[in-house]
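Coordinates from target25.tsv are shown below (TSV, N, CA and C atoms).
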chain	number	residue	atom	x	y	z
U	30	MET	N	39.85	17.28	-31.80
U	30	MET	CA	39.65	18.63	-32.27
U	30	MET	C	40.74	18.94	-33.29
U	31	ALA	N	40.32	19.52	-34.41
U	31	ALA	CA	41.24	19.91	-35.47
U	31	ALA	C	41.53	21.40	-35.36
U	32	LEU	N	42.79	21.75	-35.29
U	32	LEU	CA	43.21	23.14	-35.20
U	32	LEU	C	43.58	23.64	-36.59
U	33	PHE	N	42.97	24.75	-37.02
U	33	PHE	CA	43.12	25.28	-38.38
U	33	PHE	C	43.30	26.79	-38.26
U	34	THR	N	44.53	27.28	-38.50
U	34	THR	CA	44.81	28.70	-38.26
U	34	THR	C	45.70	29.31	-39.32
U	35	ASP	N	45.79	30.64	-39.26
U	35	ASP	CA	46.74	31.39	-40.08
U	35	ASP	C	47.90	31.90	-39.23
U	36	PHE	N	48.14	31.25	-38.09
U	36	PHE	CA	49.19	31.70	-37.16
U	36	PHE	C	50.60	31.43	-37.66
U	37	GLY	N	50.75	30.48	-38.56
U	37	GLY	CA	52.08	30.06	-39.00
U	37	GLY	C	52.62	29.00	-38.06
U	38	PRO	N	53.62	28.24	-38.52
U	38	PRO	CA	54.13	27.13	-37.72
U	38	PRO	C	55.04	27.55	-36.57
U	39	GLU	N	55.46	28.79	-36.55
U	39	GLU	CA	56.37	29.26	-35.49
U	39	GLU	C	55.65	30.26	-34.61
U	40	GLY	N	56.20	30.54	-33.48
U	40	GLY	CA	55.61	31.51	-32.57
U	40	GLY	C	54.89	30.82	-31.42
U	41	ILE	N	54.29	31.63	-30.57
U	41	ILE	CA	53.73	31.11	-29.32
U	41	ILE	C	52.26	30.73	-29.39
U	42	TYR	N	51.53	31.19	-30.39
U	42	TYR	CA	50.07	31.07	-30.36
U	42	TYR	C	49.56	29.64	-30.46
U	43	ILE	N	50.15	28.83	-31.32
U	43	ILE	CA	49.71	27.44	-31.44
U	43	ILE	C	49.95	26.72	-30.12
U	44	GLY	N	51.12	26.91	-29.54
U	44	GLY	CA	51.42	26.26	-28.25
U	44	GLY	C	50.47	26.70	-27.16
U	45	GLN	N	50.14	27.98	-27.11
U	45	GLN	CA	49.20	28.48	-26.10
U	45	GLN	C	47.83	27.83	-26.27
U	46	MET	N	47.35	27.78	-27.49
U	46	MET	CA	46.03	27.19	-27.73
U	46	MET	C	46.03	25.70	-27.39
U	47	ARG	N	47.07	24.99	-27.80
U	47	ARG	CA	47.15	23.56	-27.51
U	47	ARG	C	47.21	23.30	-26.00
U	48	ALA	N	47.92	24.15	-25.26
U	48	ALA	CA	48.02	23.98	-23.81
U	48	ALA	C	46.66	24.17	-23.14
U	49	VAL	N	45.92	25.18	-23.54
U	49	VAL	CA	44.59	25.43	-22.96
U	49	VAL	C	43.64	24.28	-23.28
U	50	LEU	N	43.67	23.82	-24.52
U	50	LEU	CA	42.79	22.72	-24.92
U	50	LEU	C	43.17	21.42	-24.22
U	51	ALA	N	44.45	21.17	-24.06
U	51	ALA	CA	44.91	19.98	-23.33
U	51	ALA	C	44.47	20.04	-21.88
U	52	ASP	N	44.55	21.23	-21.27
U	52	ASP	CA	44.11	21.40	-19.89
U	52	ASP	C	42.63	21.10	-19.74
U	53	ALA	N	41.86	21.36	-20.81
U	53	ALA	CA	40.43	21.07	-20.80
U	53	ALA	C	40.14	19.61	-21.16
U	54	GLY	N	41.19	18.83	-21.40
U	54	GLY	CA	41.02	17.41	-21.70
U	54	GLY	C	40.64	17.12	-23.14
U	55	LEU	N	40.89	18.06	-24.04
U	55	LEU	CA	40.52	17.88	-25.44
U	55	LEU	C	41.73	17.42	-26.26
U	56	PRO	N	41.62	16.27	-26.93
U	56	PRO	CA	42.70	15.86	-27.81
U	56	PRO	C	42.71	16.77	-29.04
U	57	VAL	N	43.88	17.21	-29.45
U	57	VAL	CA	44.00	18.18	-30.54
U	57	VAL	C	45.02	17.70	-31.55
U	58	PHE	N	44.71	17.90	-32.83
U	58	PHE	CA	45.73	17.72	-33.86
U	58	PHE	C	45.73	18.94	-34.76
U	59	ASP	N	46.87	19.25	-35.31
U	59	ASP	CA	47.01	20.40	-36.19
U	59	ASP	C	46.61	19.99	-37.60
U	60	LEU	N	45.51	20.52	-38.07
U	60	LEU	CA	45.07	20.27	-39.43
U	60	LEU	C	45.88	21.13	-40.40
U	61	MET	N	45.98	22.42	-40.06
U	61	MET	CA	46.77	23.35	-40.88
U	61	MET	C	46.98	24.62	-40.07
U	62	ASN	N	48.22	25.09	-40.00
U	62	ASN	CA	48.51	26.33	-39.28
U	62	ASN	C	49.19	27.37	-40.16
U	63	ASP	N	49.20	27.11	-41.46
U	63	ASP	CA	49.77	28.10	-42.37
U	63	ASP	C	48.79	28.48	-43.47
U	64	VAL	N	47.53	28.63	-43.08
U	64	VAL	CA	46.52	29.17	-43.99
U	64	VAL	C	47.01	30.56	-44.40
U	65	PRO	N	46.80	30.98	-45.65
U	65	PRO	CA	47.23	32.33	-46.04
U	65	PRO	C	46.75	33.38	-45.03
U	66	ALA	N	47.68	34.13	-44.50
U	66	ALA	CA	47.40	35.07	-43.41
U	66	ALA	C	46.32	36.08	-43.78
U	67	PHE	N	45.39	36.27	-42.85
U	67	PHE	CA	44.34	37.29	-42.94
U	67	PHE	C	43.42	37.09	-44.14
U	68	ASP	N	43.30	35.86	-44.65
U	68	ASP	CA	42.53	35.60	-45.87
U	68	ASP	C	41.43	34.57	-45.59
U	69	PRO	N	40.27	35.01	-45.07
U	69	PRO	CA	39.21	34.06	-44.74
U	69	PRO	C	38.66	33.31	-45.95
U	70	ARG	N	38.69	33.90	-47.13
U	70	ARG	CA	38.20	33.18	-48.33
U	70	ARG	C	39.10	31.99	-48.65
U	71	ALA	N	40.40	32.20	-48.60
U	71	ALA	CA	41.33	31.10	-48.83
U	71	ALA	C	41.16	30.05	-47.74
U	72	GLY	N	41.00	30.49	-46.49
U	72	GLY	CA	40.79	29.57	-45.39
U	72	GLY	C	39.53	28.74	-45.57
U	73	ALA	N	38.44	29.37	-46.00
U	73	ALA	CA	37.18	28.65	-46.22
U	73	ALA	C	37.35	27.59	-47.31
U	74	TYR	N	38.03	27.95	-48.38
U	74	TYR	CA	38.27	27.00	-49.48
U	74	TYR	C	39.09	25.81	-48.99
U	75	LEU	N	40.19	26.08	-48.28
U	75	LEU	CA	41.06	25.01	-47.80
U	75	LEU	C	40.36	24.13	-46.77
U	76	LEU	N	39.63	24.75	-45.86
U	76	LEU	CA	38.93	23.98	-44.83
U	76	LEU	C	37.90	23.05	-45.46
U	77	ALA	N	37.14	23.55	-46.42
U	77	ALA	CA	36.15	22.70	-47.09
U	77	ALA	C	36.83	21.52	-47.78
U	78	ALA	N	37.97	21.76	-48.41
U	78	ALA	CA	38.68	20.69	-49.10
U	78	ALA	C	39.23	19.65	-48.12
U	79	LEU	N	39.71	20.09	-46.97
U	79	LEU	CA	40.30	19.18	-45.99
U	79	LEU	C	39.25	18.46	-45.15
U	80	ALA	N	38.14	19.11	-44.87
U	80	ALA	CA	37.13	18.55	-43.96
U	80	ALA	C	36.50	17.27	-44.50
U	81	ASP	N	36.44	17.12	-45.81
U	81	ASP	CA	35.84	15.92	-46.39
U	81	ASP	C	36.58	14.65	-46.00
U	82	SER	N	37.85	14.76	-45.67
U	82	SER	CA	38.64	13.57	-45.37
U	82	SER	C	38.68	13.23	-43.88
U	83	LEU	N	38.02	14.03	-43.06
U	83	LEU	CA	38.06	13.79	-41.61
U	83	LEU	C	36.75	13.14	-41.15
U	84	PRO	N	36.79	12.45	-40.02
U	84	PRO	CA	35.59	11.75	-39.54
U	84	PRO	C	34.44	12.70	-39.23
U	85	ALA	N	33.23	12.21	-39.45
U	85	ALA	CA	32.04	12.98	-39.07
U	85	ALA	C	32.10	13.26	-37.57
U	86	GLY	N	31.66	14.42	-37.18
U	86	GLY	CA	31.67	14.79	-35.77
U	86	GLY	C	32.95	15.47	-35.32
U	87	THR	N	33.93	15.62	-36.22
U	87	THR	CA	35.16	16.31	-35.86
U	87	THR	C	34.85	17.76	-35.50
U	88	LEU	N	35.41	18.22	-34.41
U	88	LEU	CA	35.26	19.61	-33.99
U	88	LEU	C	36.45	20.40	-34.52
U	89	TYR	N	36.18	21.52	-35.17
U	89	TYR	CA	37.23	22.35	-35.77
U	89	TYR	C	37.34	23.66	-35.00
U	90	LEU	N	38.55	24.01	-34.62
U	90	LEU	CA	38.82	25.33	-34.05
U	90	LEU	C	39.60	26.08	-35.12
U	91	CYS	N	38.95	27.06	-35.74
U	91	CYS	CA	39.53	27.76	-36.89
U	91	CYS	C	39.73	29.22	-36.55
U	92	VAL	N	40.92	29.71	-36.85
U	92	VAL	CA	41.23	31.13	-36.65
U	92	VAL	C	41.94	31.64	-37.90
U	93	VAL	N	41.24	32.45	-38.68
U	93	VAL	CA	41.81	33.15	-39.83
U	93	VAL	C	41.22	34.55	-39.73
U	94	ASP	N	42.01	35.48	-39.22
U	94	ASP	CA	41.46	36.76	-38.77
U	94	ASP	C	42.04	37.93	-39.54
U	95	PRO	N	41.22	38.55	-40.43
U	95	PRO	CA	41.71	39.71	-41.17
U	95	PRO	C	41.75	41.00	-40.34
U	96	GLY	N	41.18	40.99	-39.15
U	96	GLY	CA	41.15	42.19	-38.32
U	96	GLY	C	41.53	41.88	-36.89
U	97	VAL	N	42.74	41.39	-36.69
U	97	VAL	CA	43.20	40.99	-35.36
U	97	VAL	C	43.03	42.14	-34.37
U	98	GLY	N	42.46	41.81	-33.23
U	98	GLY	CA	42.32	42.80	-32.17
U	98	GLY	C	41.05	43.63	-32.22
U	99	THR	N	40.14	43.30	-33.15
U	99	THR	CA	38.89	44.05	-33.22
U	99	THR	C	37.87	43.43	-32.28
U	100	GLY	N	36.74	44.07	-32.15
U	100	GLY	CA	35.70	43.61	-31.23
U	100	GLY	C	34.72	42.63	-31.83
U	101	ARG	N	35.04	42.02	-32.96
U	101	ARG	CA	34.11	41.06	-33.58
U	101	ARG	C	33.89	39.87	-32.67
U	102	MET	N	32.68	39.33	-32.75
U	102	MET	CA	32.33	38.15	-31.97
U	102	MET	C	32.74	36.89	-32.74
U	103	PRO	N	33.00	35.79	-32.03
U	103	PRO	CA	33.32	34.54	-32.73
U	103	PRO	C	32.09	34.00	-33.45
U	104	LEU	N	32.32	33.09	-34.37
U	104	LEU	CA	31.27	32.48	-35.14
U	104	LEU	C	31.30	30.98	-34.89
U	105	LEU	N	30.15	30.40	-34.62
U	105	LEU	CA	30.03	28.97	-34.41
U	105	LEU	C	29.11	28.42	-35.49
U	106	VAL	N	29.57	27.39	-36.20
U	106	VAL	CA	28.78	26.78	-37.27
U	106	VAL	C	28.65	25.31	-36.98
U	107	ARG	N	27.46	24.79	-37.12
U	107	ARG	CA	27.27	23.34	-36.93
U	107	ARG	C	26.92	22.72	-38.25

Exercise: express the given structure as structure tokens:
Amino acid sequence: MALFTDFGPEGIYIGQMRAVLADAGLPVFDLMNDVPAFDPRAGAYLLAALADSLPAGTLYLCVVDPGVGTGRMPLLVR
């Protein structure tokens, strides 16, 4: 699983997510954790550029949230 976020390299959030995913038995690597904060367009551009170099079937967990704490539902894309 590739982790792609705007959380930044410091703080507790990356560690929390990695711990939960590890507990579920999912191998995780950090693809990028310094996506421009709150900028989904920049995140989409960067993810598209990076995804071409990863193996087919890679699962991506992406968090780039311009409205932290709102009631929006997650989005799943296949």

Enumerate, as a PyMOL selection string, the complete set of residues in chain U that a backbone-based DSSP assignment places in alpha helix (DSSP H). chain U and resi 42-52+69-80

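Taking all atoms listed in the file, the non-local environment of region 53-64 of chain U within 6.5 Å (same-chain residues fewer than 2 positions away omitted) comprises Met30, Ala31, Leu32, Phe33, Thr34, Asp35, Phe36, Gly37, Pro38, Ala48, Val49, Leu50, Ala51, Ala66, Phe67, Asp68 and Gly72 of chain U.
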
Let me make sure I understand: among U:Val92, U:Leu104, U:Leu83, U:Ala77, which one has the smallest atom-to-atom distance to Tyr42 (chain U) if we use only C-alpha atoms? U:Val92

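Separating CA of Thr87 (chain U) from CA of Gly44 (chain U) is a distance of 20.5 Å.
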
Atom pair CA of Pro69 (chain U) / CA of Ser82 (chain U): separation (Å):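 Here the two named atoms are 20.5 Å from each other.
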
Expressed in Å to a single decimal, how great is the separation between atom N of Gly96 (chain U) and atom N of Asp81 (chain U)? 25.2 Å
